[in-house]
$ cat data37.pdb   # PDB, C-alpha atoms
ATOM      1  CA  MET A   1     154.194  21.810 120.062
ATOM      2  CA  ARG A   2     155.594  19.262 117.633
ATOM      3  CA  VAL A   3     153.648  18.178 114.590
ATOM      4  CA  SER A   4     154.372  14.643 113.495
ATOM      5  CA  SER A   5     155.496  13.921 109.969
ATOM      6  CA  GLU A   6     152.410  11.714 109.504
ATOM      7  CA  VAL A   7     150.123  14.713 110.008
ATOM      8  CA  LEU A   8     152.101  16.763 107.529
ATOM      9  CA  SER A   9     152.109  13.990 104.953
ATOM     10  CA  VAL A  10     148.311  13.567 105.177
ATOM     11  CA  SER A  11     147.694  17.255 104.509
ATOM     12  CA  GLU A  12     150.089  17.185 101.561
ATOM     13  CA  SER A  13     148.630  14.065  99.942
ATOM     14  CA  PRO A  14     148.171  14.125  96.171
ATOM     15  CA  GLY A  15     144.582  14.764  95.169
ATOM     16  CA  ARG A  16     143.785  16.534  98.433
ATOM     17  CA  ALA A  17     142.901  20.216  98.147
ATOM     18  CA  PRO A  18     145.312  22.491  99.988
ATOM     19  CA  VAL A  19     144.096  23.820 103.313
ATOM     20  CA  SER A  20     143.226  27.499 103.154
ATOM     21  CA  PHE A  21     141.233  30.015 105.148
ATOM     22  CA  VAL A  22     138.642  30.216 102.363
ATOM     23  CA  ALA A  23     138.251  26.423 102.259
ATOM     24  CA  PHE A  24     137.887  26.350 106.057
ATOM     25  CA  ILE A  25     135.145  29.023 106.055
ATOM     26  CA  LEU A  26     133.308  27.259 103.224
ATOM     27  CA  SER A  27     133.566  23.974 105.142
ATOM     28  CA  LEU A  28     131.974  25.568 108.225
ATOM     29  CA  ALA A  29     129.251  27.122 106.048
ATOM     30  CA  SER A  30     128.560  23.746 104.416
ATOM     31  CA  ASN A  31     128.234  22.148 107.830
ATOM     32  CA  ALA A  32     125.736  24.849 108.807
ATOM     33  CA  ALA A  33     123.766  24.099 105.628
ATOM     34  CA  VAL A  34     123.632  20.433 106.674
ATOM     35  CA  HIS A  35     122.196  21.464 110.058
ATOM     36  CA  PHE A  36     119.626  23.670 108.310
ATOM     37  CA  GLY A  37     118.639  20.620 106.254
ATOM     38  CA  ASP A  38     119.646  22.383 103.027
ATOM     39  CA  LEU A  39     122.411  19.923 102.120
ATOM     40  CA  PRO A  40     122.578  16.168 102.699
ATOM     41  CA  ASP A  41     124.827  14.867 105.445
ATOM     42  CA  PRO A  42     128.049  13.812 103.700
ATOM     43  CA  MET A  43     128.274  10.640 105.821
ATOM     44  CA  THR A  44     124.751   9.348 105.106
ATOM     45  CA  ASN A  45     123.797  11.336 101.997
ATOM     46  CA  GLN A  46     120.464  12.010 103.752
ATOM     47  CA  ARG A  47     119.040  15.366 104.738
ATOM     48  CA  ARG A  48     118.911  15.953 108.475
ATOM     49  CA  GLU A  49     116.192  17.416 110.612
ATOM     50  CA  LEU A  50     116.567  21.119 111.295
ATOM     51  CA  ASP A  51     119.052  21.686 114.138
ATOM     52  CA  LEU A  52     119.067  25.409 114.891
ATOM     53  CA  ASP A  53     121.384  25.040 117.888
ATOM     54  CA  ALA A  54     124.102  23.387 115.800
ATOM     55  CA  ALA A  55     123.647  25.890 112.955
ATOM     56  CA  ALA A  56     123.829  28.783 115.429
ATOM     57  CA  GLN A  57     127.035  27.400 116.901
ATOM     58  CA  LEU A  58     128.670  27.298 113.468
ATOM     59  CA  ILE A  59     127.525  30.876 112.769
ATOM     60  CA  GLU A  60     129.074  31.928 116.098
ATOM     61  CA  ILE A  61     132.338  30.171 115.215
ATOM     62  CA  ILE A  62     132.550  31.984 111.868
ATOM     63  CA  ALA A  63     131.722  35.289 113.616
ATOM     64  CA  MET A  64     134.494  34.621 116.145
ATOM     65  CA  LEU A  65     136.948  33.905 113.325
ATOM     66  CA  GLU A  66     135.868  37.130 111.617
ATOM     67  CA  GLU A  67     136.540  39.069 114.821
ATOM     68  CA  LYS A  68     139.875  37.392 115.573
ATOM     69  CA  THR A  69     141.200  37.781 112.012
ATOM     70  CA  ARG A  70     139.954  41.351 111.464
ATOM     71  CA  GLY A  71     142.700  43.365 109.787
ATOM     72  CA  ASN A  72     144.664  40.243 108.827
ATOM     73  CA  LEU A  73     142.644  38.981 105.865
ATOM     74  CA  ALA A  74     142.974  39.696 102.183
ATOM     75  CA  ALA A  75     140.064  41.696 100.763
ATOM     76  CA  GLU A  76     138.611  38.603  99.077
ATOM     77  CA  GLU A  77     138.762  36.588 102.310
ATOM     78  CA  ARG A  78     137.109  39.373 104.313
ATOM     79  CA  GLN A  79     134.385  39.741 101.681
ATOM     80  CA  LEU A  80     133.741  35.990 101.714
ATOM     81  CA  VAL A  81     133.447  35.883 105.517
ATOM     82  CA  ASP A  82     131.086  38.882 105.505
ATOM     83  CA  GLN A  83     128.919  37.319 102.785
ATOM     84  CA  VAL A  84     128.826  33.885 104.427
ATOM     85  CA  LEU A  85     127.884  35.401 107.789
ATOM     86  CA  PHE A  86     125.143  37.509 106.220
ATOM     87  CA  GLU A  87     123.655  34.575 104.312
ATOM     88  CA  LEU A  88     123.808  32.183 107.262
ATOM     89  CA  ARG A  89     122.260  34.729 109.619
ATOM     90  CA  MET A  90     119.419  35.386 107.179
ATOM     91  CA  ARG A  91     118.914  31.634 106.767
ATOM     92  CA  PHE A  92     118.783  31.285 110.550
ATOM     93  CA  VAL A  93     116.108  34.000 110.799
ATOM     94  CA  ASP A  94     114.055  32.281 108.075
ATOM     95  CA  ALA A  95     114.367  28.889 109.772
ATOM     96  CA  LYS A  96     113.426  30.355 113.142
ATOM     97  CA  LYS A  97     110.331  32.005 111.611
ATOM     98  CA  GLN A  98     109.249  28.705 110.055
ATOM     99  CA  GLN A  99     109.595  26.983 113.420
ATOM    100  CA  SER A 100     107.180  29.265 115.246
ATOM    101  CA  PRO A 101     103.843  30.489 113.902
ATOM    102  CA  ILE A 102     103.244  34.225 113.681
ATOM    103  CA  ILE A 103      99.967  33.993 115.565
ATOM    104  CA  GLN A 104     100.000  31.822 118.619
ATOM    105  CA  PRO A 105      96.779  30.763 120.358
TER     106      PRO A 105
END
$ encode --input "data37.pdb" --output "structure tokens"
Amino acid sequence: MRVSSEVLSVSESPGRAPVSFVAFILSLASNAAVHFGDLPDPMTNQRRELDLDAAAQLIEIIAMLEEKTRGNLAAEERQLVDQVLFELRMRFVDAKKQQSPIIQP
């Protein structure tokens, strides 16, 4: 697979943060936070309605990355992935609880 020079030049633009595994994981976590309604959508600067399906998909993607990179990450990267997964899973449980009442008629 050939990567064009235009693609390389965009990723190496001045002022653009370098692409890293940590930045990628944090980007996925931020997107999940948008779907939980915790952060505003970066395109509209408005908070979205809760979208548990989209948040769950992002959690699954991070879990898949954790599985596929197991044994190949630096300690700090592994710790970050573990922490992000834990926090997002707990947030999902909280959001799911808020969606359905404890006592149903």
$ resolve_selection --input "data37.pdb" --expression "the PyMOL selection byres ((chain A and resi 54-67) around 7)" --output "list in words"
Leu28, Ala32, His35, Phe36, Asp51, Leu52, Asp53, Lys68, Thr69, Arg70, Val81, Leu85 and Leu88 of chain A
$ closest_residue --input "data37.pdb" --among "A:Ala75, A:Leu50, A:Val19, A:Val84" --to "Gln99 (chain A)" --atoms "only C-alpha atoms"
A:Leu50
$ atom_distance --input "data37.pdb" --atom1 "CA of Gly71 (chain A)" --atom2 "CA of Glu87 (chain A)"
21.7 Å
$ closest_residue --input "data37.pdb" --among "A:Ile25, A:Pro40, A:Lys96, A:Asn31" --to "Gln83 (chain A)" --atoms "all atoms listed in the file"
A:Ile25
$ atom_distance --input "data37.pdb" --atom1 "CA of Met43 (chain A)" --atom2 "CA of Arg16 (chain A)"
18.2 Å
$ atom_distance --input "data37.pdb" --atom1 "CA of Asn45 (chain A)" --atom2 "CA of Phe21 (chain A)"
25.7 Å
$ residues_around --input "data37.pdb" --residues "Arg47 (chain A)" --least-positions-apart "6" --cutoff "8 Å" --atoms "all atoms listed in the file" --output "PyMOL selection string"
chain A and resi 34+37-41
$ residues_around --input "data37.pdb" --residues "Ser20 (chain A)" --least-positions-apart "5" --cutoff "12 Å" --atoms "all atoms listed in the file" --output "list in words"
Ser11, Ile25, Leu26, Ser27, Leu73 and Glu77 of chain A
$ closest_residue --input "data37.pdb" --among "A:Gln98, A:Gln46, A:Leu80, A:Val93" --to "Ala29 (chain A)" --atoms "all atoms listed in the file"
A:Leu80
$ closest_residue --input "data37.pdb" --among "A:Pro42, A:Arg78, A:Arg48, A:Asp94" --to "Ser30 (chain A)" --atoms "all atoms listed in the file"
A:Pro42
